[in-house]
Structures are given as structure tokens and as C-alpha cells.
$ cat input-v7.cif   # mmCIF, C-alpha atoms
data_target
#
loop_
_atom_site.label_atom_id
_atom_site.label_comp_id
_atom_site.auth_asym_id
_atom_site.auth_seq_id
_atom_site.Cartn_x
_atom_site.Cartn_y
_atom_site.Cartn_z
CA MET A 1 114.52 73.71 112.49
CA ILE A 2 111.55 76.06 112.60
CA ARG A 3 109.79 76.78 109.33
CA VAL A 4 106.68 78.91 109.35
CA VAL A 5 104.59 80.64 106.70
CA VAL A 6 102.68 83.69 107.86
CA ALA A 7 99.48 83.66 105.84
CA ASN A 8 95.97 85.03 105.85
CA GLN A 9 94.05 85.50 102.62
CA ARG A 10 93.03 88.96 103.66
CA GLY A 11 95.24 92.03 103.30
CA GLY A 12 96.13 94.40 106.14
CA VAL A 13 96.02 91.88 108.97
CA ALA A 14 99.61 92.45 110.11
CA LYS A 15 101.17 89.49 108.29
CA THR A 16 104.35 91.39 107.51
CA THR A 17 104.54 92.95 110.97
CA THR A 18 104.07 89.52 112.50
CA ALA A 19 106.74 87.94 110.29
CA VAL A 20 109.26 90.70 110.96
CA THR A 21 108.62 90.86 114.70
CA LEU A 22 108.66 87.09 115.13
CA ALA A 23 111.96 86.96 113.26
CA ARG A 24 113.28 89.50 115.76
CA CYS A 25 111.88 87.42 118.65
CA PHE A 26 113.60 84.30 117.30
CA ALA A 27 116.84 86.26 117.00
CA GLU A 28 116.37 87.40 120.62
CA ARG A 29 116.24 83.70 121.55
CA GLY A 30 119.52 83.12 119.70
CA LEU A 31 118.03 81.50 116.60
CA LYS A 32 119.61 82.46 113.29
CA THR A 33 116.62 83.36 111.17
CA LEU A 34 115.97 83.69 107.46
CA LEU A 35 113.03 85.93 106.62
CA ILE A 36 111.66 85.48 103.09
CA ASP A 37 109.34 88.04 101.55
CA THR A 38 107.26 86.60 98.70
CA ASP A 39 104.87 89.52 98.40
CA PRO A 40 105.51 91.64 95.27
CA GLN A 41 104.71 94.72 97.36
CA SER A 42 108.10 94.11 99.04
CA SER A 43 106.95 95.58 102.34
CA ILE A 44 109.73 94.03 104.43
CA SER A 45 112.47 95.91 102.63
CA SER A 46 110.45 99.12 103.10
CA ILE A 47 109.80 98.48 106.79
CA LEU A 48 113.43 97.69 107.55
CA ALA A 49 115.00 100.14 105.06
CA LEU A 50 116.86 97.37 103.26
CA LYS A 51 118.46 97.96 99.90
CA PRO A 52 119.16 94.54 98.46
CA GLN A 53 121.09 94.17 95.24
CA PHE A 54 119.38 90.89 94.42
CA HIS A 55 115.91 89.65 95.21
CA LEU A 56 113.75 86.54 95.37
CA PHE A 57 113.50 86.61 91.57
CA ASP A 58 117.28 86.36 91.25
CA PHE A 59 117.44 83.56 93.79
CA LEU A 60 114.70 81.43 92.26
CA ILE A 61 114.88 82.22 88.56
CA GLN A 62 118.46 83.34 87.96
CA GLU A 63 119.64 80.73 90.49
CA PHE A 64 121.96 83.10 92.32
CA ALA A 65 123.50 81.85 95.55
CA LEU A 66 121.37 82.50 98.63
CA ARG A 67 124.22 84.28 100.42
CA GLU A 68 124.39 86.80 97.57
CA CYS A 69 120.66 87.50 97.63
CA VAL A 70 120.07 87.90 101.37
CA VAL A 71 120.72 91.11 103.26
CA PRO A 72 121.41 91.21 107.00
CA ALA A 73 118.81 93.15 108.97
CA HIS A 74 120.24 92.10 112.35
CA PRO A 75 123.27 90.01 113.36
CA LEU A 76 120.99 86.97 113.50
CA ILE A 77 118.45 87.86 110.81
CA ASP A 78 118.94 87.60 107.05
CA VAL A 79 116.22 88.80 104.72
CA LEU A 80 115.53 87.55 101.21
CA CYS A 81 113.68 90.54 99.84
CA SER A 82 110.97 90.68 97.25
CA SER A 83 110.56 93.12 94.39
CA ARG A 84 107.97 93.84 91.73
CA LYS A 85 109.70 91.18 89.64
CA THR A 86 108.38 88.59 92.08
CA GLN A 87 105.20 88.54 90.02
CA GLN A 88 107.24 87.66 86.94
CA ALA A 89 109.01 84.96 88.92
CA GLU A 90 105.62 83.49 89.77
CA ASP A 91 104.60 83.48 86.12
CA ILE A 92 107.82 81.72 85.18
CA ILE A 93 107.43 79.18 87.97
CA ALA A 94 103.97 78.34 86.66
CA THR A 95 105.64 77.04 83.51
CA GLN A 96 107.78 74.51 85.35
CA GLN A 97 106.85 70.96 86.20
CA SER A 98 108.47 71.14 89.64
CA ARG A 99 106.65 74.37 90.49
CA ASP A 100 105.19 73.11 93.79
CA VAL A 101 108.53 72.21 95.33
CA MET A 102 110.43 75.23 94.06
CA PHE A 103 111.22 76.58 97.54
CA GLU A 104 112.07 73.17 98.90
CA ARG A 105 114.58 72.53 96.13
CA ALA A 106 116.08 76.00 95.97
CA LEU A 107 116.51 76.31 99.75
CA ALA A 108 117.82 72.76 100.12
CA ASP A 109 120.34 73.32 97.30
CA SER A 110 121.54 76.54 98.92
CA GLY A 111 122.05 74.88 102.30
CA ALA A 112 119.54 77.06 104.14
CA ASP A 113 118.63 74.21 106.47
CA LYS A 114 122.20 74.05 107.78
CA GLU A 115 122.72 77.79 107.82
CA TYR A 116 119.56 78.84 109.66
CA ASP A 117 117.63 77.73 112.74
CA ALA A 118 114.39 79.29 111.61
CA VAL A 119 112.84 80.25 108.28
CA LEU A 120 109.87 82.62 108.24
CA ILE A 121 107.99 83.25 105.00
CA ASP A 122 105.75 86.24 104.50
CA VAL A 123 103.25 85.75 101.67
CA ALA A 124 100.87 87.89 99.66
CA PRO A 125 97.18 87.74 100.59
CA SER A 126 96.07 86.08 97.36
CA PHE A 127 96.56 82.33 97.17
CA SER A 128 99.08 81.68 94.44
CA TRP A 129 102.21 79.74 93.56
CA PHE A 130 104.48 81.24 96.17
CA GLN A 131 101.98 80.66 98.94
CA THR A 132 101.67 77.05 97.80
CA CYS A 133 105.47 76.68 97.58
CA GLY A 134 105.83 78.31 101.01
CA MET A 135 103.23 76.03 102.61
CA ILE A 136 104.73 72.91 101.05
CA TYR A 137 108.22 73.91 102.19
CA ALA A 138 107.37 75.08 105.70
CA ARG A 139 104.36 72.82 106.46
CA HIS A 140 103.48 75.17 109.32
CA VAL A 141 101.14 78.07 108.78
CA LEU A 142 100.67 80.89 111.25
CA THR A 143 97.56 82.94 110.63
CA PRO A 144 97.32 86.42 112.11
CA VAL A 145 93.71 87.56 112.46
CA ALA A 146 92.69 91.17 112.92
CA MET A 147 89.51 91.99 114.80
CA GLU A 148 87.13 92.15 111.86
CA PRO A 149 84.96 89.54 110.10
CA LEU A 150 86.77 89.53 106.74
CA SER A 151 90.00 88.74 108.51
CA VAL A 152 88.37 85.66 110.06
CA GLN A 153 87.13 84.72 106.61
CA GLY A 154 90.72 85.05 105.34
CA ALA A 155 91.87 82.75 108.15
CA VAL A 156 89.20 80.22 107.21
CA ALA A 157 90.42 80.42 103.61
CA SER A 158 94.00 79.73 104.73
CA ILE A 159 92.88 76.69 106.74
CA SER A 160 90.87 75.45 103.74
CA ALA A 161 93.86 75.97 101.44
CA ALA A 162 96.06 73.91 103.76
CA MET A 163 93.44 71.16 103.83
CA GLU A 164 93.07 71.16 100.05
CA LEU A 165 96.84 70.98 99.56
CA ASN A 166 97.02 68.07 101.99
CA GLN A 167 94.33 66.26 100.02
CA LEU A 168 96.11 66.99 96.77
CA PHE A 169 99.62 65.95 97.74
CA LYS A 170 99.00 63.33 100.43
CA ARG A 171 102.50 63.78 101.84
CA PRO A 172 103.54 62.03 105.05
CA GLU A 173 103.82 65.34 106.86
CA ASN A 174 100.68 67.39 106.49
CA ILE A 175 100.54 71.14 106.21
CA ARG A 176 99.23 72.41 109.55
CA VAL A 177 97.91 75.72 110.72
CA VAL A 178 99.96 75.99 113.90
CA GLY A 179 98.16 78.94 115.29
CA LEU A 180 95.50 81.57 114.96
CA LEU A 181 97.07 84.75 116.20
CA PRO A 182 94.65 87.52 117.20
CA VAL A 183 96.36 90.81 116.38
CA MET A 184 95.47 94.48 116.82
CA VAL A 185 93.28 93.48 119.75
CA ASN A 186 91.55 96.34 121.52
CA GLN A 187 89.19 95.08 124.21
CA ARG A 188 87.33 98.37 124.28
CA LEU A 189 85.97 97.90 120.77
CA ALA A 190 82.58 96.21 120.40
CA MET A 191 83.73 93.86 117.61
CA THR A 192 86.65 92.44 119.57
CA GLU A 193 84.72 90.00 121.77
CA PRO A 194 82.55 88.52 118.98
CA ILE A 195 85.63 88.00 116.82
CA MET A 196 87.57 86.45 119.70
CA GLU A 197 84.62 84.14 120.37
CA SER A 198 84.55 83.21 116.66
CA LEU A 199 88.25 82.41 116.83
CA ARG A 200 87.74 80.25 119.93
CA ARG A 201 85.05 78.30 118.08
CA LEU A 202 87.20 78.00 114.96
CA SER A 203 90.11 76.82 117.09
CA ALA A 204 87.99 74.18 118.83
CA GLN A 205 86.26 73.02 115.67
CA ARG A 206 89.38 72.65 113.51
CA ASP A 207 91.89 71.78 116.21
CA VAL A 208 94.00 74.84 115.53
CA PRO A 209 95.71 76.38 118.58
CA LEU A 210 94.58 79.88 119.48
CA LEU A 211 97.69 81.83 120.40
CA PRO A 212 97.86 84.64 122.97
CA ALA A 213 96.54 87.91 121.56
CA VAL A 214 98.73 90.78 120.43
CA ARG A 215 97.30 94.06 121.63
CA THR A 216 96.87 97.01 119.35
CA ASP A 217 99.81 99.36 119.61
CA THR A 218 100.68 102.52 117.73
CA THR A 219 104.36 101.77 118.34
CA VAL A 220 104.18 99.26 115.47
CA VAL A 221 103.40 102.02 112.97
CA LYS A 222 105.92 104.39 114.52
CA ALA A 223 108.65 101.74 114.42
CA SER A 224 107.97 100.98 110.76
CA LYS A 225 108.05 104.71 110.02
CA ASP A 226 111.45 104.86 111.70
CA ARG A 227 112.48 101.69 109.80
CA LYS A 228 113.33 99.79 112.97
CA PHE A 229 112.42 96.53 114.64
CA LEU A 230 109.98 96.99 117.54
CA PRO A 231 112.49 96.50 120.40
CA GLU A 232 114.95 98.89 118.76
CA TYR A 233 112.25 101.54 118.71
CA ASP A 234 110.63 100.86 122.09
CA PRO A 235 111.66 97.73 124.02
CA LYS A 236 108.83 98.19 126.50
CA CYS A 237 105.96 98.46 124.06
CA LYS A 238 102.89 96.22 124.45
CA ALA A 239 103.12 94.60 121.02
CA TRP A 240 106.74 93.50 121.56
CA GLU A 241 105.85 91.95 124.94
CA ASP A 242 102.94 90.09 123.33
CA TYR A 243 104.95 88.90 120.33
CA LYS A 244 107.65 87.52 122.65
CA VAL A 245 105.02 85.37 124.40
CA VAL A 246 103.73 84.20 121.00
CA ALA A 247 107.25 83.37 119.81
CA ASP A 248 107.93 81.32 122.96
CA ARG A 249 104.68 79.41 122.48
CA LEU A 250 105.53 78.74 118.83
CA ILE A 251 109.07 77.58 119.61
CA GLU A 252 107.75 75.31 122.35
CA PHE A 253 104.97 73.92 120.13
CA LEU A 254 107.24 73.29 117.14
CA SER A 255 109.99 71.76 119.29
CA ASN A 256 107.46 69.37 120.87
CA GLU A 257 106.15 68.46 117.45
CA HIS A 258 109.69 67.85 116.21
CA GLN A 259 110.48 65.61 119.21
CA THR A 260 107.23 63.68 118.73
CA ALA A 261 108.03 63.17 115.06
CA ASN A 262 111.53 61.93 115.90
CA ALA A 263 110.24 59.60 118.62
CA MET B 1 68.12 109.26 122.75
CA PRO B 2 69.32 106.58 120.24
CA LYS B 3 68.44 103.01 121.09
CA ARG B 4 71.39 100.92 122.24
CA LEU B 5 72.43 98.33 119.65
CA SER B 6 71.93 94.68 120.54
CA LYS B 7 74.84 92.38 121.35
CA ILE B 8 76.94 91.31 118.32
CA ASP B 9 76.88 87.58 117.70
CA PRO B 10 80.03 85.66 116.82
CA LEU B 11 80.50 84.51 113.23
CA ASP B 12 79.10 81.22 112.02
CA ILE B 13 82.22 79.15 111.33
CA ASP B 14 80.41 76.46 109.33
CA GLU B 15 78.94 79.10 107.09
CA LEU B 16 82.41 80.57 106.53
CA PHE B 17 83.78 77.16 105.53
CA GLN B 18 80.89 76.62 103.14
CA SER B 19 81.24 80.04 101.55
CA PRO B 20 81.19 79.95 97.73
CA SER B 21 84.16 82.32 97.77
CA LEU B 22 86.35 79.39 98.83
CA GLU B 23 85.50 77.37 95.73
CA GLY B 24 88.25 76.91 93.18
CA MET B 25 90.97 77.81 95.67
CA LEU B 26 93.55 75.81 93.77
CA SER B 27 92.15 76.56 90.32
CA PHE B 28 95.33 78.42 89.36
CA ARG B 29 97.09 75.07 89.51
CA GLU B 30 94.96 73.65 86.72
CA VAL B 31 96.83 75.55 84.03
CA ASP B 32 99.20 73.13 82.39
CA PRO B 33 102.89 74.21 82.51
CA ALA B 34 103.03 74.02 78.69
CA MET B 35 100.03 76.32 78.41
CA ALA B 36 101.51 78.67 80.99
CA THR B 37 104.66 78.80 78.85
CA LEU B 38 102.67 79.80 75.78
CA ARG B 39 100.76 82.37 77.81
CA LEU B 40 104.01 83.84 79.07
CA GLN B 41 105.44 84.01 75.58
CA ALA B 42 102.36 85.56 73.95
CA PRO B 43 103.17 89.04 72.69
CA GLN B 44 101.04 91.83 74.12
CA HIS B 45 100.02 93.37 70.79
CA SER B 46 100.73 91.49 67.61
CA VAL B 47 98.78 94.09 65.68
CA PRO B 48 99.42 97.65 66.85
CA ILE B 49 96.47 99.31 68.59
CA GLY B 50 94.54 101.50 66.19
CA VAL B 51 95.76 99.62 63.13
CA THR B 52 93.69 96.63 62.14
CA PRO B 53 94.17 94.37 59.18
CA THR B 54 90.66 94.94 57.88
CA GLY B 55 90.73 98.67 58.46
CA LEU B 56 87.83 98.52 60.91
CA THR B 57 87.90 100.35 64.22
CA PRO B 58 89.38 98.13 66.92
CA ARG B 59 87.14 97.24 69.82
CA GLY B 60 89.43 99.02 72.24
CA THR B 61 86.74 99.54 74.84
CA GLU B 62 86.29 95.84 75.33
CA PRO B 63 89.72 94.33 75.95
CA ILE B 64 90.22 90.60 76.04
CA GLY B 65 89.41 89.42 79.55
CA VAL B 66 92.21 87.52 81.24
CA THR B 67 89.65 85.31 82.96
CA ASP B 68 88.11 84.42 79.61
CA ILE B 69 91.50 83.47 78.23
CA LEU B 70 92.42 81.45 81.29
CA ALA B 71 89.08 79.68 81.28
CA GLU B 72 89.58 78.71 77.68
CA VAL B 73 93.18 77.72 78.22
CA GLU B 74 92.25 75.60 81.20
CA ASP B 75 89.47 74.03 79.23
CA ALA B 76 91.88 73.27 76.42
CA SER B 77 94.48 71.85 78.77
CA ARG B 78 91.94 69.48 80.29
CA THR B 79 90.97 67.96 76.98
CA GLY B 80 92.08 64.37 77.25
CA ARG B 81 93.17 62.60 74.10
CA SER B 82 92.92 58.95 74.92
CA ARG B 83 94.69 56.55 72.64
CA GLY B 84 92.76 53.74 71.07
CA ARG B 85 89.43 54.88 72.45
CA ILE B 86 86.90 56.08 69.94
CA MET B 87 85.15 59.20 71.07
CA ARG B 88 82.68 61.56 69.53
CA ALA B 89 84.26 64.84 68.43
CA VAL B 90 82.16 67.32 70.34
CA LYS B 91 84.58 70.12 71.11
CA VAL B 92 86.81 72.08 68.80
CA GLU B 93 89.86 70.56 70.43
CA ASP B 94 88.65 67.06 69.62
CA GLY B 95 89.55 67.70 66.00
CA HIS B 96 93.02 69.03 66.75
CA SER B 97 96.32 67.39 67.48
CA GLY B 98 98.24 68.59 70.54
CA ASN B 99 100.41 71.03 68.61
CA GLU B 100 97.48 72.26 66.53
CA ASN B 101 95.57 72.91 69.71
CA SER B 102 98.45 74.76 71.36
CA LEU B 103 99.05 76.88 68.29
CA TYR B 104 95.36 77.64 67.84
CA TRP B 105 95.08 78.91 71.43
CA TYR B 106 98.33 80.81 71.08
CA LEU B 107 97.01 82.60 68.00
CA TRP B 108 93.66 83.20 69.71
CA ARG B 109 95.32 84.77 72.71
CA SER B 110 97.62 86.85 70.55
CA GLY B 111 94.80 88.08 68.32
CA ARG B 112 92.66 91.15 68.69
CA HIS B 113 88.94 91.60 68.43
CA ILE B 114 87.47 93.61 65.59
CA ARG B 115 84.12 95.27 65.97
CA ASN B 116 81.10 93.07 65.11
CA SER B 117 83.28 90.06 64.63
CA LYS B 118 83.48 86.96 66.76
CA SER B 119 86.90 86.16 65.37
CA ARG B 120 90.24 87.55 66.37
CA PHE B 121 92.86 88.82 63.97
CA VAL B 122 96.56 88.44 64.20
CA GLN B 123 99.41 89.53 61.96
CA MET B 124 102.42 87.32 62.44
CA GLY B 125 105.07 85.64 60.33
CA TYR B 126 106.27 82.06 60.58
CA ALA B 127 109.48 83.13 62.29
CA LEU B 128 107.72 85.00 65.11
CA ILE B 129 105.14 82.25 65.66
CA SER B 130 107.87 79.64 65.61
CA LYS B 131 109.95 81.55 68.17
CA SER B 132 107.05 82.43 70.45
CA ALA B 133 105.37 79.05 70.40
CA GLY B 134 108.64 77.14 70.69
CA LEU B 135 107.94 75.12 67.54
CA ASP B 136 110.04 74.41 64.49
CA ARG B 137 109.36 76.71 61.51
CA THR B 138 108.44 73.82 59.20
CA ASN B 139 106.09 72.42 61.84
CA VAL B 140 104.48 75.85 62.20
CA GLN B 141 103.88 75.99 58.44
CA ASN B 142 102.33 72.51 58.45
CA ILE B 143 100.21 73.20 61.52
CA LEU B 144 98.91 76.48 60.11
CA ARG B 145 98.03 74.75 56.87
CA SER B 146 96.30 72.01 58.83
CA LEU B 147 94.37 74.51 60.97
CA GLU B 148 93.26 76.24 57.79
CA THR B 149 92.04 72.92 56.37
CA LYS B 150 90.22 72.23 59.63
CA LEU B 151 88.47 75.59 59.34
CA ALA B 152 89.98 76.97 62.53
CA ILE B 153 91.84 79.87 60.91
CA ARG B 154 91.65 81.78 57.63
CA VAL B 155 94.25 83.81 55.81
CA VAL B 156 92.91 87.35 55.45
CA THR B 157 95.93 88.83 53.70
CA PRO B 158 98.75 86.63 52.45
CA GLY B 159 102.21 87.60 53.54
CA THR B 160 104.42 89.66 51.28
CA VAL B 161 108.07 90.60 51.39
CA LYS B 162 107.18 93.67 53.44
CA SER B 163 104.39 92.42 55.70
CA SER B 164 103.46 89.24 57.52
CA THR B 165 100.35 87.19 56.89
CA VAL B 166 97.15 88.33 58.58
CA TYR B 167 95.15 85.45 60.02
CA GLU B 168 91.58 85.38 61.15
CA VAL B 169 91.36 83.07 64.16
CA LEU B 170 87.82 81.81 64.37
CA SER B 171 86.05 81.36 67.68
CA CYS B 172 85.13 77.86 68.86
CA GLU B 173 81.47 78.52 68.09
CA GLN B 174 82.26 79.58 64.50
CA ILE B 175 84.58 76.62 63.97
CA LEU B 176 81.96 74.11 65.08
CA LEU B 177 79.34 75.79 62.89
CA GLN B 178 81.60 75.76 59.84
CA ARG B 179 82.66 72.17 60.39
CA ARG B 180 79.02 71.12 60.71
CA GLU B 181 78.16 72.92 57.47
CA ALA B 182 81.13 71.34 55.73
CA GLY B 183 79.96 67.92 56.93
#
$ encode --input "input-v7.cif" --output "C-alpha cells"
Amino acid sequence: MIRVVVANQRGGVAKTTTAVTLARCFAERGLKTLLIDTDPQSSISSILALKPQFHLFDFLIQEFALRECVVPAHPLIDVLCSSRKTQQAEDIIATQQSRDVMFERALADSGADKEYDAVLIDVAPSFSWFQTCGMIYARHVLTPVAMEPLSVQGAVASISAAMELNQLFKRPENIRVVGLLPVMVNQRLAMTEPIMESLRRLSAQRDVPLLPAVRTDTTVVKASKDRKFLPEYDPKCKAWEDYKVVADRLIEFLSNEHQTANA
Amino acid sequence: MPKRLSKIDPLDIDELFQSPSLEGMLSFREVDPAMATLRLQAPQHSVPIGVTPTGLTPRGTEPIGVTDILAEVEDASRTGRSRGRIMRAVKVEDGHSGNENSLYWYLWRSGRHIRNSKSRFVQMGYALISKSAGLDRTNVQNILRSLETKLAIRVVTPGTVKSSTVYEVLSCEQILLQRREAG
């Protein structure tokens, strides 16, 4: 089973776009995917024009069944949407002793592992309880990085957070950043090459794979305006082609890791 | 003609990892669940804005900083109370039992600043405190009496049939000063 958290402690680096598009890529490969939005801004429901009756708050705090809280966005994609009450859920979770393993317990109890082939979690930029819960549950962190210095700093912060959590919990399976994903890449801009070089160095220094870049594409904005997945809006767009390559690399990487762990 | 800018260097990764902005990444975890419960239950305004027990103008322009509260709560939650080990009472919390400490911080967080005063003021009855702090009413009465004896709070206006008691919750600095004076 694939479990990935899409995180970068910098806003506006295409975390949500990456999560949504990767979910669509996984669905394209026949994987039944659960997409969880833990950002109180609830961007996923806006992007995909979803109108859920129940949200993450109801699932975690009210303990509603997962099947009642998710909404289908595609035959193979279910979305557990966020709402402004997610912030309240986080405050409540902070009061509980088992706060770190909240996702693990709730999703295990609801049978998500049997129901889905992949779980993608989109988190808010700030490092908080849900990001911790997400990282502990998924153990794999994908970090999209836009072509600007603060975005790299956000990626560094995400890697540091994973390291600190590993030190804190000392679990047999460490939290790993499974990829730095350069997004919104425009080779004609002067900042692109220095940032790409920084990412290469970061990748080499911290043993984090550098994934193939996703080129900048206005189709992404147009598709979200039309409340559609990328291929539904324009199946030939650059970003969709790039994300498909990224998804294949991720599936391959995570499958190999799974096989190695089993061996 | 403007001079062409020089080549942009890549970022220094080591410098990014050593950035002070990464310090305290997991600091939000240091708040004890019990403290987080009290924080969640604390009413927003125990005394209505504009109405203060002493009749002074409220210090509305300087609201209580969340970071200040959290820092103090974290500090309080870290205070170890080892059994059987004699230790010098240096901090305010050293003179409090666990429940006294929780209730003191609860009152402090619920209170409001009054101009020119280091204390905070809160108007609450036993029932509300008991419900909000998750403590038994009798325990609340005992703890409040104990806090008063330990010079952590003062009764400004005793409760009547129509209104609740107004407490002055002294700051840590004031408490230590008073305790020192009292010997």
C-alpha cells in the first residue's frame, strides 16, 4: 500500500495541486486512492467542487465511519475533505494522550488499509499535529519545491521535521522524504538553475531522491478554475505528462522499498 | 546601458539546515495534554470587555499574547515534582500542588489585564471554575482557599447572591515577592 504525505513548510508551492494530480495519476494506474485534506483552508474541496456533508473533523473527533465522510471525486478516488473546523479538531487532538497516532488508529479502525491501494495526505504549511500524525501514519514524505529560495527552505524544514520525529519516536520504520519534486519549473527564468542546483546538492547531501521536474503550466490554474482534474481539462498538457512520470517513479520506488522490507 | 547582473549562486544547504528558524520545530508538542485541555476549556472573556471589577479602564490595546500564555503553560507543564527529593522552592510552581498549579494557570489565562497592574482579574463562581477546569466543586473551593493562603490569588470582591467572586490573580513575580516578604 502506498502512503504519502505531501508536505513543504512553505505555502504556495503546489502541495495541493501535487496531491490532487498524483491521486489522479494513481487512479489512472488502477490504484484506488484516498486523498485526505488536513489543511483548514480546505482547498481540495474547492479545486474539485466537492460538497461533503461530513469532514475530517467528523471522522476524527465525532468518530463517524470513513465511508460516510469521504466523497467520490472519481471512480477510483475518494476524498476526505477538510473544513475550517479542522483547526478545532487539531486543538482537541492536542488534549489526547494518543495524539501522535491519531491517523494511524482512526484509519486502521475504519479499514482504510484494506479499502484503498494508496493514501495521499495534503497538509497545511505550518508544522502542527496533523502534519505529525500524517508523517507518522504515512512514513513517506513528498516535498514539492517551487523555484524560489523560501521554498527550498521549506523543504529543508520538512526534512528536519522528519529527522526530529525519527529521533523522538525511534520507530523501526523511519519517516523518509521519498522525493524532492521541483514544480513550476521554467527554464527561461534566471532563478531556476540555481534552485535546481541547490536541490541537487540537497538531494546528494541528505540522500533524498530528486524527482523529475514538473514544468510550469497555466493549465493547472485553468483546470482548478473549471473544477476539474488536469487530464479531464486537457489530457495533453505539460504538467499532466510530468506528473505521470513522477507518479510512476514514486510507485516504482515505494514498491521496491516494500519488497525490500518484506525480504 | 545597465550592467548585466552576475551569475546567481545556488543556496548554501548547510546554512539552511543550521537556520535559527528551524529551532523549536516540535515545540508545539511540549504542551501537556492536560494543559491543552484547560487551554481549550478557558472561556474567552470571563469579565465582559469594557467592564472591569475595579472600574478601571481595561487595557484593551494590549491583549494577552498567545505566545506568552503558551510559554508560561509550557513552563508550568515542565515543572517536575519529584517524590522524596528535597529541592529548593525557586519557582512559583514549586509551592503548588498539581491541581493548585493547574487552577492557578487556568485563572491566569482566563483573567484580564487592568491598566497599571501586573495582576489579572477574573470574575467566576465555583460552579463555572469547577466545570471549566474539570474539578470537583469542593476541591475547587479548597484549592482557591489554598491559593489564597499561598498568596497566589486575592479576593477583590466576595461573591454575592447576584454576582460571582472577583479574584485578583497575581503574576509569578508578585507572588515570589510577596512570599519572600511573608518569609
$ closest_atom_pairs --input "input-v7.cif" --of "chain B" --to "chain A" --cutoff "12 Å" --atoms "all atoms listed in the file" --output "Markdown table"
| residue | atom | partner | partner_atom | distance |
| --- | --- | --- | --- | --- |
| B:Leu5 | CA | A:Ala190 | CA | 10.4 |
| B:Ser6 | CA | A:Ala190 | CA | 10.8 |
| B:Lys7 | CA | A:Ala190 | CA | 8.7 |
| B:Ile8 | CA | A:Pro194 | CA | 6.3 |
| B:Asp9 | CA | A:Pro194 | CA | 5.9 |
| B:Pro10 | CA | A:Pro194 | CA | 4.4 |
| B:Leu11 | CA | A:Ser198 | CA | 5.5 |
| B:Asp12 | CA | A:Ser198 | CA | 7.4 |
| B:Ile13 | CA | A:Leu202 | CA | 6.3 |
| B:Asp14 | CA | A:Leu202 | CA | 9.0 |
| B:Glu15 | CA | A:Gln153 | CA | 9.9 |
| B:Leu16 | CA | A:Gln153 | CA | 6.3 |
| B:Phe17 | CA | A:Val156 | CA | 6.4 |
| B:Gln18 | CA | A:Val156 | CA | 9.9 |
| B:Ser19 | CA | A:Gln153 | CA | 9.1 |
| B:Pro20 | CA | A:Ala157 | CA | 11.0 |
| B:Ser21 | CA | A:Ala157 | CA | 8.8 |
| B:Leu22 | CA | A:Ala157 | CA | 6.4 |
| B:Glu23 | CA | A:Ala157 | CA | 9.8 |
| B:Gly24 | CA | A:Ala161 | CA | 10.0 |
| B:Met25 | CA | A:Ala161 | CA | 6.7 |
| B:Leu26 | CA | A:Ala161 | CA | 7.7 |
| B:Ser27 | CA | A:Ser128 | CA | 9.6 |
| B:Phe28 | CA | A:Ser128 | CA | 7.1 |
| B:Arg29 | CA | A:Trp129 | CA | 8.0 |
| B:Glu30 | CA | A:Ala94 | CA | 10.2 |
| B:Val31 | CA | A:Ala94 | CA | 8.1 |
| B:Asp32 | CA | A:Thr95 | CA | 7.6 |
| B:Pro33 | CA | A:Thr95 | CA | 4.1 |
| B:Ala34 | CA | A:Thr95 | CA | 6.3 |
| B:Met35 | CA | A:Thr95 | CA | 7.6 |
| B:Ala36 | CA | A:Thr95 | CA | 5.1 |
| B:Thr37 | CA | A:Thr95 | CA | 5.1 |
| B:Leu38 | CA | A:Thr95 | CA | 8.7 |
| B:Arg39 | CA | A:Thr95 | CA | 9.2 |
| B:Leu40 | CA | A:Asp91 | CA | 7.1 |
| B:Gln41 | CA | A:Ile92 | CA | 10.2 |
$ residues_near_point --input "input-v7.cif" --point "(98.6, 72.6, 109.4)" --cutoff "12 Å" --atoms "all atoms listed in the file" --output "PyMOL selection string"
chain A and resi 3-7+135-136+138-143+158-166+173-180+206-209+254+257
$ residues_around --input "input-v7.cif" --residues "Arg227 (chain A)" --least-positions-apart "2" --cutoff "10 Å" --atoms "all atoms listed in the file" --output "list in words"
Ile44, Ser45, Ser46, Ile47, Leu48, Ala49, Leu50, Val221, Lys222, Ala223, Ser224, Lys225, Phe229, Leu230, Glu232 and Tyr233 of chain A
$ resolve_selection --input "input-v7.cif" --expression "the PyMOL selection byres ((chain A and resi 10) around 6)" --output "CSV table (one decimal) with C-alpha atoms, keeping the file's coordinate frame"
chain,number,residue,atom,x,y,z
A,8,ASN,CA,96.0,85.0,105.8
A,9,GLN,CA,94.0,85.5,102.6
A,11,GLY,CA,95.2,92.0,103.3
A,125,PRO,CA,97.2,87.7,100.6
A,151,SER,CA,90.0,88.7,108.5
A,154,GLY,CA,90.7,85.0,105.3
$ atom_distance --input "input-v7.cif" --atom1 "CA of Thr17 (chain A)" --atom2 "CA of Val119 (chain A)"
15.4 Å
$ resolve_selection --input "input-v7.cif" --expression "the PyMOL selection byres ((chain A and resi 77) around 12)" --output "PyMOL selection string"
chain A and resi 19-36+48+70-76+78-80+115-120+229
$ resolve_selection --input "input-v7.cif" --expression "the PyMOL selection byres ((chain A and resi 185) around 12)" --output "PyMOL selection string"
chain A and resi 13-14+144-148+181-184+186-196+212-218+238-239+242
$ closest_residue --input "input-v7.cif" --among "A:Ala65, A:Val220, A:Cys81, A:Leu210" --to "Gln53 (chain A)" --atoms "only C-alpha atoms"
A:Cys81
$ atom_distance --input "input-v7.cif" --atom1 "CA of Val101 (chain A)" --atom2 "CA of Arg67 (chain A)"
20.4 Å
$ closest_residue --input "input-v7.cif" --among "A:Ser255, A:Ala108, A:Thr219, A:Thr260" --to "Trp240 (chain A)" --atoms "all atoms listed in the file"
A:Thr219
$ residues_near_point --input "input-v7.cif" --point "(81.5, 82.7, 63.0)" --cutoff "12 Å" --atoms "all atoms listed in the file" --output "ChimeraX atom specification"
/B:116-120,151-154,168-179,181
$ atom_distance --input "input-v7.cif" --atom1 "CA of Asn99 (chain B)" --atom2 "CA of Ala127 (chain B)"
16.4 Å
$ decode --input "input-v7.cif" --residues "region 57-65 of chain A" --atoms "N, CA and C atoms" --output "CSV table (one decimal), in the first residue's frame"
chain,number,residue,atom,x,y,z
A,57,PHE,N,-13.0,16.6,10.6
A,57,PHE,CA,-13.4,16.8,12.0
A,57,PHE,C,-14.4,15.7,12.4
A,58,ASP,N,-15.4,15.4,11.6
A,58,ASP,CA,-16.4,14.4,11.9
A,58,ASP,C,-15.7,13.0,12.0
A,59,PHE,N,-14.8,12.8,11.1
A,59,PHE,CA,-14.2,11.5,11.1
A,59,PHE,C,-13.3,11.3,12.3
A,60,LEU,N,-12.5,12.3,12.7
A,60,LEU,CA,-11.5,12.1,13.8
A,60,LEU,C,-12.2,12.3,15.1
A,61,ILE,N,-13.0,13.4,15.2
A,61,ILE,CA,-13.5,13.8,16.6
A,61,ILE,C,-14.8,13.1,16.9
A,62,GLN,N,-15.7,13.2,15.9
A,62,GLN,CA,-17.1,12.6,16.1
A,62,GLN,C,-17.1,11.1,15.9
A,63,GLU,N,-16.0,10.6,15.3
A,63,GLU,CA,-15.8,9.2,15.1
A,63,GLU,C,-16.8,8.6,14.1
A,64,PHE,N,-17.2,9.4,13.1
A,64,PHE,CA,-18.1,8.9,12.1
A,64,PHE,C,-17.3,7.9,11.2
A,65,ALA,N,-18.1,7.0,10.5
A,65,ALA,CA,-17.4,6.0,9.7
A,65,ALA,C,-16.8,6.7,8.5
